[in-house]
>>> print(open('start_35.txt').read())   # compact mmCIF, C-alpha atoms
# COMPACT_ATOMS: atom_id res chain seq x y z
CA MET A 21 127.65 146.98 62.96
CA ASP A 22 130.15 146.60 65.70
CA GLU A 23 131.59 149.38 67.70
CA GLY A 24 135.06 149.29 69.24
CA HIS A 25 137.94 149.05 66.86
CA SER A 26 138.98 152.55 67.85
CA ASP A 27 142.50 151.33 68.43
CA ALA A 28 144.08 152.15 65.15
CA HIS A 29 144.89 149.51 62.63
CA PRO A 30 147.24 151.35 60.38
CA GLU A 31 147.07 148.58 57.81
CA THR A 32 143.40 149.18 57.24
CA HIS A 33 144.14 151.94 54.84
CA THR A 34 146.67 150.04 52.79
CA GLU A 35 144.02 148.31 50.81
CA THR A 36 146.06 146.62 48.17
CA GLY A 37 148.79 144.09 48.41
CA THR A 38 148.23 141.68 51.22
CA ALA A 39 144.80 140.52 50.05
CA GLY A 40 143.75 137.53 52.05
CA HIS A 41 146.45 137.96 54.60
CA GLY A 42 146.40 140.05 57.70
CA GLU A 43 144.22 143.10 57.84
CA GLY A 44 144.14 144.21 54.23
CA GLY A 45 141.52 143.26 51.70
CA LEU A 46 138.33 141.34 52.26
CA PRO A 47 138.43 139.17 55.38
CA GLN A 48 136.37 136.72 53.33
CA LEU A 49 139.34 136.00 51.11
CA ASN A 50 141.69 135.13 53.94
CA PRO A 51 142.18 131.36 53.62
CA ASP A 52 143.59 131.11 57.14
CA TYR A 53 140.07 130.79 58.48
CA PHE A 54 138.59 128.57 55.76
CA ALA A 55 139.24 125.30 57.54
CA GLY A 56 137.82 126.54 60.83
CA GLN A 57 134.67 127.87 59.21
CA LEU A 58 134.11 124.67 57.26
CA PHE A 59 134.69 122.60 60.38
CA TRP A 60 132.21 124.56 62.50
CA LEU A 61 129.75 124.86 59.61
CA ALA A 62 129.72 121.07 59.27
CA ILE A 63 129.09 120.65 63.00
CA ALA A 64 126.41 123.33 63.09
CA PHE A 65 124.63 122.16 59.98
CA LEU A 66 124.64 118.50 60.95
CA PHE A 67 123.41 119.39 64.44
CA LEU A 68 120.56 121.45 62.99
CA TYR A 69 119.75 118.75 60.44
CA PHE A 70 119.48 116.07 63.12
CA VAL A 71 117.44 118.19 65.52
CA LEU A 72 115.04 119.22 62.75
CA SER A 73 114.69 115.91 60.95
CA ARG A 74 114.47 113.81 64.14
CA VAL A 75 112.54 116.05 66.52
CA ALA A 76 111.12 119.30 65.21
CA LEU A 77 109.80 118.40 61.77
CA PRO A 78 108.07 115.12 62.75
CA ARG A 79 106.45 116.96 65.63
CA ILE A 80 105.16 119.73 63.38
CA ALA A 81 104.02 117.14 60.84
CA THR A 82 102.02 115.19 63.45
CA VAL A 83 100.35 118.32 64.75
CA ILE A 84 99.38 119.43 61.26
CA GLU A 85 98.16 115.94 60.40
CA GLU A 86 96.18 115.64 63.62
CA ARG A 87 94.56 118.96 62.91
CA ARG A 88 93.75 117.91 59.36
CA ASP A 89 92.22 114.65 60.65
CA ARG A 90 90.30 116.51 63.30
CA ILE A 91 88.90 118.95 60.77
CA ALA A 92 87.98 116.09 58.45
CA ASP A 93 86.32 114.30 61.38
CA ASP A 94 84.41 117.39 62.34
CA LEU A 95 83.30 117.90 58.78
CA ASP A 96 82.12 114.29 58.62
CA LYS A 97 80.27 114.71 61.87
CA ALA A 98 78.69 117.92 60.64
CA LYS A 99 77.63 116.18 57.44
CA GLU A 100 76.11 113.37 59.50
CA LEU A 101 74.26 115.81 61.73
CA GLN A 102 73.01 117.64 58.69
CA ALA A 103 71.71 114.37 57.25
CA GLN A 104 70.02 113.66 60.57
CA ALA A 105 68.45 117.09 60.59
CA GLU A 106 67.23 116.59 57.05
CA ALA A 107 65.76 113.21 57.98
CA ALA A 108 64.05 114.77 60.98
CA GLU A 109 62.65 117.50 58.80
CA LYS A 110 61.36 114.92 56.34
CA ALA A 111 59.78 112.94 59.18
CA TYR A 112 58.19 116.09 60.52
CA ILE A 113 56.75 117.02 57.15
CA LYS A 114 55.48 113.48 56.72
CA ALA A 115 53.86 113.55 60.18
CA VAL A 116 52.19 116.84 59.41
CA ASN A 117 50.93 115.54 56.09
CA ASP A 118 49.71 112.30 57.70
CA ALA A 119 47.91 114.21 60.41
CA ARG A 120 46.34 116.46 57.83
CA ALA A 121 45.19 113.46 55.80
CA GLU A 122 43.89 111.73 58.90
CA GLY A 123 42.01 114.84 59.91
CA ARG A 124 40.53 115.12 56.49
CA ALA A 125 39.48 111.45 56.59
CA LEU A 126 37.98 111.90 60.03
CA ALA A 127 36.06 114.95 58.90
CA ASP A 128 34.81 113.09 55.84
CA GLN A 129 33.81 110.17 57.98
CA SER A 130 31.90 112.22 60.48
CA ARG A 131 30.24 114.21 57.72
CA GLN A 132 29.20 110.91 56.17
CA GLN A 133 27.93 109.68 59.52
CA VAL A 134 25.86 112.78 60.05
CA LYS A 135 24.54 112.53 56.53
CA ASP A 136 23.65 108.84 57.00
CA GLU A 137 21.96 109.61 60.28
CA THR A 138 19.88 112.40 58.83
CA ASP A 139 19.07 110.30 55.79
CA ARG A 140 18.01 107.50 58.04
CA GLN A 141 15.90 109.79 60.19
CA ARG A 142 14.32 111.43 57.17
CA ALA A 143 13.58 108.03 55.68
CA SER A 144 11.94 106.79 58.84
CA ALA A 145 9.98 110.01 59.21
CA GLU A 146 8.86 109.75 55.61
CA ALA A 147 7.91 106.11 56.09
CA GLU A 148 5.88 107.00 59.16
CA LEU A 149 4.21 109.82 57.34
CA ASP A 150 3.42 107.49 54.43
CA GLN A 151 2.05 104.99 56.85
CA ARG A 152 -0.12 107.62 58.50
CA LEU A 153 -1.21 108.90 55.17
CA ALA A 154 -2.14 105.44 54.03
CA ALA A 155 -4.01 104.82 57.27
CA ALA A 156 -5.84 108.10 56.91
CA GLU A 157 -6.68 107.36 53.31
CA LYS A 158 -7.91 103.94 54.28
CA GLN A 159 -10.00 105.49 57.03
CA ILE A 160 -11.36 108.07 54.64
CA ALA A 161 -12.21 105.32 52.15
CA ALA A 162 -13.88 103.28 54.87
CA MET A 163 -15.84 106.27 56.05
CA LYS A 164 -16.75 107.04 52.46
CA ASP A 165 -17.86 103.44 51.88
CA ALA A 166 -19.78 103.48 55.11
CA ALA A 167 -21.36 106.77 54.17
CA LEU A 168 -22.17 105.48 50.73
CA SER A 169 -23.64 102.25 52.05
CA ASN A 170 -25.79 104.32 54.37
CA VAL A 171 -26.83 106.41 51.42
CA GLU A 172 -27.70 103.24 49.51
CA GLY A 173 -29.83 102.00 52.39
CA ILE A 174 -31.61 105.34 52.63
CA ALA A 175 -32.04 105.48 48.89
CA ALA A 176 -33.48 101.94 48.80
CA GLU A 177 -35.84 102.74 51.61
CA ALA A 178 -36.83 105.97 49.96
CA ALA A 179 -37.29 104.21 46.62
CA ALA A 180 -39.44 101.47 48.24
CA GLY A 181 -41.50 104.10 50.01
CA ILE A 182 -41.99 106.09 46.78
CA VAL A 183 -42.97 102.96 44.87
CA GLU A 184 -45.38 101.98 47.63
CA ARG A 185 -46.93 105.39 47.65
CA LEU A 186 -47.31 105.52 43.90
CA THR A 187 -48.33 101.99 43.14
CA GLY A 188 -49.51 100.77 46.43
CA THR A 189 -47.43 97.68 46.20
CA SER A 190 -44.74 97.11 48.68
CA VAL A 191 -41.35 96.36 47.30
CA PRO A 192 -39.14 93.96 49.18
CA ALA A 193 -36.10 95.71 50.60
CA ASP A 194 -33.43 93.67 48.82
CA GLU A 195 -35.14 94.30 45.45
CA ALA A 196 -35.13 97.99 46.16
CA THR A 197 -31.51 97.85 47.10
CA ARG A 198 -30.67 96.02 43.89
CA ALA A 199 -32.52 98.54 41.89
CA VAL A 200 -30.72 101.45 43.57
CA GLN A 201 -27.34 99.82 42.94
CA ALA A 202 -28.26 99.27 39.26
CA ALA A 203 -29.28 102.87 38.96
CA ARG A 204 -26.08 104.13 40.52
CA SER A 205 -23.77 102.20 38.24
CA MET B 18 142.80 164.30 62.11
CA ARG B 19 139.65 163.59 63.99
CA PHE B 20 137.94 162.92 60.72
CA GLU B 21 140.52 160.38 59.74
CA MET B 22 140.38 158.63 63.06
CA LEU B 23 136.64 158.31 62.75
CA ALA B 24 136.98 157.03 59.24
CA SER B 25 139.38 154.34 60.32
CA GLY B 26 137.07 153.54 63.21
CA ILE B 27 134.26 152.77 60.84
CA ASP B 28 136.04 150.59 58.38
CA PRO B 29 133.05 148.92 56.63
CA MET B 30 134.99 145.67 56.19
CA HIS B 31 135.83 145.28 59.84
CA GLN B 32 132.44 143.67 60.52
CA PHE B 33 133.45 140.70 58.39
CA LYS B 34 136.65 140.08 60.29
CA ILE B 35 137.02 136.65 61.89
CA GLU B 36 138.11 136.82 65.50
CA THR B 37 139.28 133.81 67.42
CA LEU B 38 137.41 133.27 70.65
CA VAL B 39 138.68 129.84 71.74
CA PRO B 40 141.88 128.74 70.00
CA LEU B 41 141.89 125.18 68.69
CA HIS B 42 144.65 123.87 66.50
CA VAL B 43 144.63 120.40 65.02
CA GLY B 44 147.92 119.73 63.32
CA THR B 45 148.46 122.62 60.97
CA LEU B 46 144.75 123.39 60.79
CA ASP B 47 143.33 126.30 62.73
CA LEU B 48 139.90 125.05 63.90
CA SER B 49 139.51 127.74 66.54
CA PHE B 50 136.07 128.65 67.79
CA THR B 51 135.62 132.10 66.27
CA ASN B 52 132.92 134.76 66.18
CA SER B 53 131.74 133.04 63.01
CA SER B 54 131.43 129.73 64.87
CA LEU B 55 129.66 131.52 67.72
CA TRP B 56 126.99 132.96 65.44
CA MET B 57 126.57 129.64 63.64
CA ALA B 58 125.98 128.10 67.04
CA ILE B 59 123.52 130.83 68.00
CA ALA B 60 121.66 130.39 64.70
CA VAL B 61 121.52 126.62 65.00
CA ILE B 62 120.55 126.51 68.66
CA GLY B 63 118.11 129.37 68.23
CA ALA B 64 116.44 127.63 65.28
CA SER B 65 116.31 124.31 67.14
CA LEU B 66 114.81 125.87 70.24
CA PHE B 67 112.32 127.90 68.23
CA LEU B 68 111.12 124.96 66.15
CA THR B 69 110.89 122.52 69.07
CA LEU B 70 109.65 124.78 71.85
CA ALA B 71 107.10 126.52 69.64
CA MET B 72 105.51 123.13 69.03
CA GLY B 73 105.65 122.21 72.71
CA GLY B 74 101.96 122.80 73.21
CA ARG B 75 101.00 120.74 70.14
CA ARG B 76 97.85 122.77 70.14
CA MET B 77 94.99 122.24 67.74
CA VAL B 78 94.56 125.99 67.62
CA PRO B 79 98.18 127.11 67.45
CA SER B 80 99.80 129.83 69.50
CA ARG B 81 101.62 132.59 67.62
CA MET B 82 104.96 130.86 67.84
CA GLN B 83 103.46 127.53 66.89
CA SER B 84 101.73 128.96 63.85
CA LEU B 85 105.01 130.59 62.84
CA ALA B 86 106.75 127.20 63.04
CA GLU B 87 103.89 125.53 61.16
CA LEU B 88 103.88 128.31 58.60
CA SER B 89 107.57 127.81 57.83
CA TYR B 90 107.00 124.06 57.62
CA GLU B 91 104.08 124.41 55.22
CA PHE B 92 105.95 127.04 53.23
CA ILE B 93 108.95 124.83 52.51
CA ALA B 94 106.87 121.65 52.22
CA GLY B 95 104.70 123.38 49.62
CA MET B 96 107.79 124.58 47.78
CA VAL B 97 109.30 121.08 47.68
CA ARG B 98 106.01 119.50 46.65
CA SER B 99 105.34 121.98 43.86
CA THR B 100 108.85 121.97 42.37
CA ILE B 101 109.83 118.31 42.84
CA GLY B 102 106.55 116.52 43.51
CA THR B 103 105.65 114.18 46.35
CA GLU B 104 108.73 112.01 45.84
CA GLY B 105 110.81 115.08 46.61
CA MET B 106 109.44 115.04 50.15
CA GLN B 107 112.24 112.69 51.20
CA TYR B 108 114.62 115.63 50.73
CA PHE B 109 112.31 118.01 52.55
CA PRO B 110 114.24 117.91 55.89
CA PHE B 111 117.42 118.82 54.02
CA VAL B 112 115.85 121.72 52.13
CA PHE B 113 114.14 122.90 55.31
CA THR B 114 117.39 122.79 57.29
CA LEU B 115 119.15 124.70 54.53
CA PHE B 116 116.43 127.35 54.44
CA ILE B 117 116.25 127.77 58.21
CA PHE B 118 120.04 127.85 58.58
CA VAL B 119 120.50 130.52 55.90
CA LEU B 120 117.49 132.48 57.16
CA PHE B 121 118.68 132.51 60.76
CA CYS B 122 122.25 133.41 59.80
CA ASN B 123 121.00 136.23 57.55
CA VAL B 124 118.54 137.64 60.08
CA LEU B 125 120.89 137.30 63.07
CA GLY B 126 123.43 139.22 61.00
CA MET B 127 121.05 142.17 61.13
CA ILE B 128 121.66 142.56 64.86
CA PRO B 129 124.09 145.44 65.32
CA GLY B 130 127.46 144.12 66.49
CA SER B 131 126.72 140.57 65.42
CA PHE B 132 128.52 138.58 62.75
CA THR B 133 126.89 137.52 59.47
CA VAL B 134 127.93 133.93 58.88
CA THR B 135 126.53 133.97 55.34
CA SER B 136 128.62 136.99 54.37
CA HIS B 137 131.60 134.67 54.01
CA ILE B 138 132.02 133.06 50.61
CA ILE B 139 133.54 129.92 52.09
CA VAL B 140 130.35 129.24 54.05
CA THR B 141 127.95 129.89 51.19
CA PHE B 142 130.21 127.98 48.82
CA ALA B 143 130.26 125.00 51.18
CA LEU B 144 126.46 125.04 51.36
CA ALA B 145 126.20 125.31 47.57
CA MET B 146 128.72 122.50 47.06
CA MET B 147 126.71 120.35 49.42
CA VAL B 148 123.68 120.87 47.18
CA PHE B 149 125.74 120.36 44.02
CA ILE B 150 127.33 117.12 45.20
CA GLY B 151 123.99 115.94 46.56
CA VAL B 152 122.39 116.55 43.16
CA LEU B 153 125.20 114.62 41.43
CA LEU B 154 124.90 111.68 43.85
CA ILE B 155 121.11 111.52 43.64
CA GLY B 156 121.17 111.95 39.87
CA PHE B 157 123.65 109.16 39.21
CA ALA B 158 122.06 106.91 41.84
CA ARG B 159 118.66 107.28 40.21
CA HIS B 160 119.50 107.34 36.53
CA GLY B 161 123.00 105.88 36.34
CA ILE B 162 124.85 107.12 33.29
CA GLY B 163 121.51 108.32 31.94
CA PHE B 164 121.85 111.31 34.23
CA LEU B 165 124.19 112.76 31.61
CA GLY B 166 121.06 113.10 29.47
CA LEU B 167 120.44 116.20 31.53
CA PHE B 168 122.91 117.95 29.24
CA VAL B 169 121.03 116.96 26.10
CA PRO B 170 117.77 118.89 25.97
CA ALA B 171 115.01 117.38 23.88
CA GLY B 172 113.98 118.91 20.58
CA VAL B 173 117.29 120.57 19.72
CA PRO B 174 118.50 120.38 16.08
CA VAL B 175 121.38 117.94 15.76
CA PHE B 176 123.85 120.48 14.34
CA LEU B 177 123.30 122.68 17.40
CA LEU B 178 123.70 119.80 19.82
CA PRO B 179 127.48 120.04 20.44
CA LEU B 180 127.17 123.72 21.25
CA ILE B 181 124.09 123.23 23.45
CA VAL B 182 125.67 120.37 25.38
CA VAL B 183 128.75 122.48 26.11
CA ILE B 184 126.53 125.35 27.27
CA GLU B 185 124.46 123.00 29.43
CA ILE B 186 127.57 121.54 31.06
CA ILE B 187 129.01 124.98 31.76
CA SER B 188 125.73 126.20 33.22
CA PHE B 189 125.49 123.07 35.35
CA LEU B 190 129.01 123.48 36.66
CA SER B 191 128.48 127.15 37.40
CA ARG B 192 125.47 126.41 39.58
CA PRO B 193 127.36 126.14 42.87
CA ILE B 194 129.25 129.33 42.03
CA SER B 195 126.13 131.35 41.22
CA LEU B 196 124.27 129.87 44.18
CA SER B 197 127.03 130.74 46.65
CA VAL B 198 128.07 134.07 45.17
CA ARG B 199 124.47 135.31 45.04
CA LEU B 200 123.99 134.85 48.78
CA PHE B 201 127.48 135.97 49.74
CA ALA B 202 127.41 139.08 47.54
CA ASN B 203 123.98 140.12 48.78
CA MET B 204 125.07 139.86 52.40
CA LEU B 205 128.43 141.49 51.77
CA ALA B 206 126.99 144.39 49.77
CA GLY B 207 124.06 145.01 52.10
CA HIS B 208 126.11 145.01 55.27
CA THR B 209 128.85 147.11 53.71
CA MET B 210 126.28 149.63 52.56
CA LEU B 211 124.73 149.80 56.03
CA LYS B 212 128.17 150.37 57.52
CA VAL B 213 129.12 153.03 54.97
CA PHE B 214 125.88 154.96 55.50
CA GLY B 215 126.25 154.54 59.22
CA GLY B 216 129.79 155.93 58.93
CA PHE B 217 128.47 158.96 57.04
CA VAL B 218 125.91 159.61 59.74
CA VAL B 219 128.53 159.43 62.50
CA MET B 220 131.02 161.58 60.60
CA LEU B 221 128.50 164.25 59.62
CA PHE B 222 126.93 164.51 63.05
CA GLY B 223 130.38 164.45 64.59
CA ALA B 224 131.52 167.31 62.36
CA GLY B 225 128.80 169.54 63.83
CA GLY B 226 127.27 172.70 62.37
CA ALA B 227 125.66 172.59 58.98
CA LEU B 228 127.10 169.15 58.30
CA SER B 229 125.00 167.58 61.07
CA VAL B 230 121.91 168.79 59.23
CA VAL B 231 123.17 167.08 56.07
CA GLY B 232 123.69 163.97 58.18
CA ILE B 233 119.94 163.44 58.25
CA ALA B 234 120.05 162.27 54.62
CA PRO B 235 122.21 159.18 55.21
CA LEU B 236 120.25 158.54 58.40
CA LEU B 237 117.05 158.29 56.37
CA ALA B 238 118.86 156.20 53.79
CA ILE B 239 120.18 153.76 56.39
CA THR B 240 116.68 153.38 57.81
CA ALA B 241 115.30 152.45 54.41
CA VAL B 242 118.25 150.18 53.63
CA THR B 243 117.82 148.40 56.96
CA ALA B 244 114.24 147.55 56.06
CA LEU B 245 115.40 146.42 52.64
CA GLU B 246 118.11 144.27 54.20
CA PHE B 247 115.54 142.43 56.32
CA LEU B 248 113.63 141.68 53.15
CA ILE B 249 116.81 140.51 51.42
CA ALA B 250 117.73 138.36 54.42
CA PHE B 251 114.49 136.43 53.94
CA LEU B 252 114.51 136.59 50.16
CA GLN B 253 118.01 135.15 49.80
CA ALA B 254 117.17 132.26 52.11
CA TYR B 255 114.08 131.65 49.99
CA VAL B 256 116.03 131.86 46.73
CA PHE B 257 118.64 129.45 48.07
CA ALA B 258 115.91 126.95 49.01
CA VAL B 259 114.02 127.34 45.72
CA LEU B 260 117.13 126.83 43.62
CA THR B 261 118.05 123.81 45.72
CA CYS B 262 114.60 122.37 44.97
CA ILE B 263 114.97 123.08 41.24
CA TYR B 264 118.39 121.41 41.13
CA LEU B 265 117.06 118.42 43.09
CA ASN B 266 114.19 118.20 40.65
CA ASP B 267 116.71 117.94 37.80
CA ALA B 268 118.38 115.07 39.62
CA ILE B 269 115.08 113.25 40.19
CA HIS B 270 113.21 113.99 36.96
CA LEU B 271 115.82 114.56 34.30
CA HIS B 272 114.16 117.30 32.33
CA GLY B 273 111.86 118.63 34.99
CA ASP B 274 109.00 116.53 33.62
CA HIS B 275 107.45 115.44 36.88
CA HIS B 276 103.93 116.46 35.89
>>> encode(input="start_35.txt", output="structure tokens")
Amino acid sequence: MDEGHSDAHPETHTETGTAGHGEGGLPQLNPDYFAGQLFWLAIAFLFLYFVLSRVALPRIATVIEERRDRIADDLDKAKELQAQAEAAEKAYIKAVNDARAEGRALADQSRQQVKDETDRQRASAEAELDQRLAAAEKQIAAMKDAALSNVEGIAAEAAAGIVERLTGTSVPADEATRAVQAARS
Amino acid sequence: MRFEMLASGIDPMHQFKIETLVPLHVGTLDLSFTNSSLWMAIAVIGASLFLTLAMGGRRMVPSRMQSLAELSYEFIAGMVRSTIGTEGMQYFPFVFTLFIFVLFCNVLGMIPGSFTVTSHIIVTFALAMMVFIGVLLIGFARHGIGFLGLFVPAGVPVFLLPLIVVIEIISFLSRPISLSVRLFANMLAGHTMLKVFGGFVVMLFGAGGALSVVGIAPLLAITAVTALEFLIAFLQAYVFAVLTCIYLNDAIHLHGDHH
């Protein structure tokens, strides 16, 4: 992956022999550089470990935790709001039902009132009519009695007159009346 | 002649060569700052900057970089939690550092002209030994001598036990070797292959005529292999982290019975 290296390394082609030393063989097997690599690896790894474990990872952890808390909070809040909405809905339904019941009661009441009123009026009208009827009947009876008593008087007079004409004897009026009454009954 | 010069110019092993940048000798030890050290430093500083700066905003709705950092966090945290359990989370920073270090070294190695730190067996072996020794320390600290029970699987017939224990010990001891060689060999093979194909392309196009037409074949191959290498760069970092988690789980719950 690197360019350069055009200056010839004649040893490159002698692959065998000096494995681990100089140019031949795998550079990985050259122990000359082991100590240096281990030394710098230790420094690099420890540096990374301290940066990550002291700074980076706690920071990421807090952010993730905060987000988790926030989401949980929001969910709680949403649940609460939903409960509130449900309560409001329940209250609304109750109010509607109450109003409906109240309306029904009011309607019943007014219907009853009207009915009572009409009943009352009819009753009073009937009573008046009865009264008038009774008065009329009484009047009729009185007129009838009066008429009848007149008839009795006339009949007694007529009877007394007839008797006088036939027998020549005058009949006292009250006797004639008595006789008429006896004849009528 | 020209052909040979080109061939020597594209020695596929040259990319793995350590070159001293700043000489540093301590006693007989050569601790020079080399191209390997340089790319370790780039990987480590790059990873640190990425993971700290990406979280700079601490946004509730993350930016792209922030969600990438969070994604890698959740990815490794999930891995540790599912293989070791919640008590494994104390080793999470270590596993995460290991994963990010290997990932950055692998991916940075894909830059043409760069140096692949993880293509050197000494580096991968050191990382694997760190895991191995860590597992030993944690295992003995937690279970004392009982940690040796790791080599005695439950439910094995008694007459098979000596054989099984020997096999278990050998497999345990070979862990750092397989762990380091897997990563090293993948990087070595992949980068060598890229270089060899790349050499073919240069040679064939350089030869001119009909051969330049043939040169299209390795060009297509190198394109595909490059894509594959990016996948492997991630995959090997992942495998290294997963195996580390599995080995740590052995140290914490002797027979992987954390459920």
>>> closest_residue(input="start_35.txt", among="A:Arg74, A:Arg87, A:Lys99, A:Arg124", to="chain B", atoms="all atoms listed in the file")
A:Arg87
>>> closest_residue(input="start_35.txt", among="A:Ile174, A:Ala125, A:Ala76, A:Ala62", to="chain B", atoms="all atoms listed in the file")
A:Ala76
>>> interface_residues(input="start_35.txt", of="chain B", to="chain A", cutoff="7 Å", atoms="all atoms listed in the file", output="ChimeraX atom specification")
/B:26,30,32-34,46-49,54,57-58,61,65,68-69,72,75,77,87,110-111,114,129-131,137-140,212
>>> closest_atom_pairs(input="start_35.txt", of="segment 135-236 of chain B", to="segment 252-263 of chain B", cutoff="12 Å", atoms="all atoms listed in the file", output="tab-separated table")
residue	atom	partner	partner_atom	distance
B:Thr135	CA	B:Ala254	CA	10.0
B:Ser136	CA	B:Gln253	CA	11.7
B:Thr141	CA	B:Phe257	CA	9.8
B:Phe142	CA	B:Phe257	CA	11.7
B:Leu144	CA	B:Phe257	CA	9.6
B:Ala145	CA	B:Thr261	CA	8.5
B:Met146	CA	B:Thr261	CA	10.8
B:Met147	CA	B:Thr261	CA	10.0
B:Val148	CA	B:Thr261	CA	6.5
B:Phe149	CA	B:Thr261	CA	8.6
B:Ile150	CA	B:Thr261	CA	11.5
B:Gly151	CA	B:Thr261	CA	9.9
B:Val152	CA	B:Thr261	CA	8.8
B:Arg192	CA	B:Leu260	CA	9.3
B:Pro193	CA	B:Thr261	CA	10.0
B:Ser195	CA	B:Phe257	CA	10.3
B:Leu196	CA	B:Phe257	CA	6.9
B:Ser197	CA	B:Phe257	CA	8.6
B:Val198	CA	B:Phe257	CA	10.9
B:Arg199	CA	B:Gln253	CA	8.0
B:Leu200	CA	B:Gln253	CA	6.1
B:Phe201	CA	B:Gln253	CA	9.5
B:Ala202	CA	B:Gln253	CA	10.4
B:Asn203	CA	B:Gln253	CA	7.8
B:Met204	CA	B:Gln253	CA	8.9
B:Gly207	CA	B:Gln253	CA	11.8
>>> atom_distance(input="start_35.txt", atom1="atom CA of Ile155 of chain B", atom2="atom CA of Leu115 of chain B")
17.2 Å
>>> atom_distance(input="start_35.txt", atom1="atom CA of Gly74 of chain B", atom2="atom CA of Glu85 of chain A")
15.0 Å
>>> closest_residue(input="start_35.txt", among="B:Phe214, B:Phe176, B:Phe132, B:Phe50", to="Thr243 of chain B", atoms="all atoms listed in the file")
B:Phe214
>>> closest_residue(input="start_35.txt", among="B:Gly215, B:Pro40, B:Gly73, B:Gly102", to="Ile233 of chain B", atoms="only C-alpha atoms")
B:Gly215
>>> axis_aligned_box(input="start_35.txt", around="segment 256-267 of chain B", padding_each_side="3 Å", output="lines of an AutoDock Vina configuration file")
center_x = 116.3
center_y = 124.9
center_z = 43.4
size_x = 10.6
size_y = 19.9
size_z = 17.2
>>> closest_residue(input="start_35.txt", among="B:Leu245, B:Leu265, B:Leu177, B:Ile184", to="Met210 of chain B", atoms="all atoms listed in the file")
B:Leu245
>>> atom_distance(input="start_35.txt", atom1="atom CA of Val78 of chain B", atom2="atom CA of Leu101 of chain A")
23.5 Å
>>> residues_around(input="start_35.txt", residues="Ala180 of chain A", least_positions_apart="3", cutoff="8 Å", atoms="all atoms listed in the file", output="PyMOL selection string")
chain A and resi 176-177+183-184+190-193+196
>>> build_atoms(input="start_35.txt", residues="segment 231-244 of chain B", atoms="N, CA and C atoms", output="PDB file, keeping the file's coordinate frame")
ATOM      1  N   VAL B 231     123.043 167.940  57.251  1.00  0.00           N
ATOM      2  CA  VAL B 231     123.170 167.080  56.070  1.00  0.00           C
ATOM      3  C   VAL B 231     123.150 165.609  56.491  1.00  0.00           C
ATOM      4  N   GLY B 232     123.615 165.345  57.681  1.00  0.00           N
ATOM      5  CA  GLY B 232     123.690 163.970  58.180  1.00  0.00           C
ATOM      6  C   GLY B 232     122.349 163.268  58.253  1.00  0.00           C
ATOM      7  N   ILE B 233     121.276 164.062  58.199  1.00  0.00           N
ATOM      8  CA  ILE B 233     119.940 163.440  58.250  1.00  0.00           C
ATOM      9  C   ILE B 233     119.702 162.579  57.006  1.00  0.00           C
ATOM     10  N   ALA B 234     120.268 163.005  55.877  1.00  0.00           N
ATOM     11  CA  ALA B 234     120.050 162.270  54.620  1.00  0.00           C
ATOM     12  C   ALA B 234     120.539 160.825  54.721  1.00  0.00           C
ATOM     13  N   PRO B 235     121.802 160.581  55.086  1.00  0.00           N
ATOM     14  CA  PRO B 235     122.210 159.180  55.210  1.00  0.00           C
ATOM     15  C   PRO B 235     121.484 158.454  56.335  1.00  0.00           C
ATOM     16  N   LEU B 236     121.016 159.188  57.333  1.00  0.00           N
ATOM     17  CA  LEU B 236     120.250 158.540  58.400  1.00  0.00           C
ATOM     18  C   LEU B 236     118.952 157.973  57.852  1.00  0.00           C
ATOM     19  N   LEU B 237     118.275 158.776  57.006  1.00  0.00           N
ATOM     20  CA  LEU B 237     117.050 158.290  56.370  1.00  0.00           C
ATOM     21  C   LEU B 237     117.373 157.117  55.452  1.00  0.00           C
ATOM     22  N   ALA B 238     118.484 157.262  54.736  1.00  0.00           N
ATOM     23  CA  ALA B 238     118.860 156.200  53.790  1.00  0.00           C
ATOM     24  C   ALA B 238     119.119 154.903  54.544  1.00  0.00           C
ATOM     25  N   ILE B 239     119.826 154.992  55.664  1.00  0.00           N
ATOM     26  CA  ILE B 239     120.180 153.760  56.390  1.00  0.00           C
ATOM     27  C   ILE B 239     118.918 153.105  56.959  1.00  0.00           C
ATOM     28  N   THR B 240     117.932 153.933  57.306  1.00  0.00           N
ATOM     29  CA  THR B 240     116.680 153.380  57.810  1.00  0.00           C
ATOM     30  C   THR B 240     115.995 152.554  56.723  1.00  0.00           C
ATOM     31  N   ALA B 241     115.942 153.153  55.524  1.00  0.00           N
ATOM     32  CA  ALA B 241     115.300 152.450  54.410  1.00  0.00           C
ATOM     33  C   ALA B 241     116.092 151.188  54.060  1.00  0.00           C
ATOM     34  N   VAL B 242     117.422 151.327  54.021  1.00  0.00           N
ATOM     35  CA  VAL B 242     118.250 150.180  53.630  1.00  0.00           C
ATOM     36  C   VAL B 242     118.137 149.067  54.668  1.00  0.00           C
ATOM     37  N   THR B 243     117.985 149.431  55.930  1.00  0.00           N
ATOM     38  CA  THR B 243     117.820 148.400  56.960  1.00  0.00           C
ATOM     39  C   THR B 243     116.567 147.567  56.703  1.00  0.00           C
ATOM     40  N   ALA B 244     115.471 148.272  56.374  1.00  0.00           N
ATOM     41  CA  ALA B 244     114.240 147.550  56.060  1.00  0.00           C
ATOM     42  C   ALA B 244     114.444 146.642  54.856  1.00  0.00           C
TER      43      ALA B 244
END
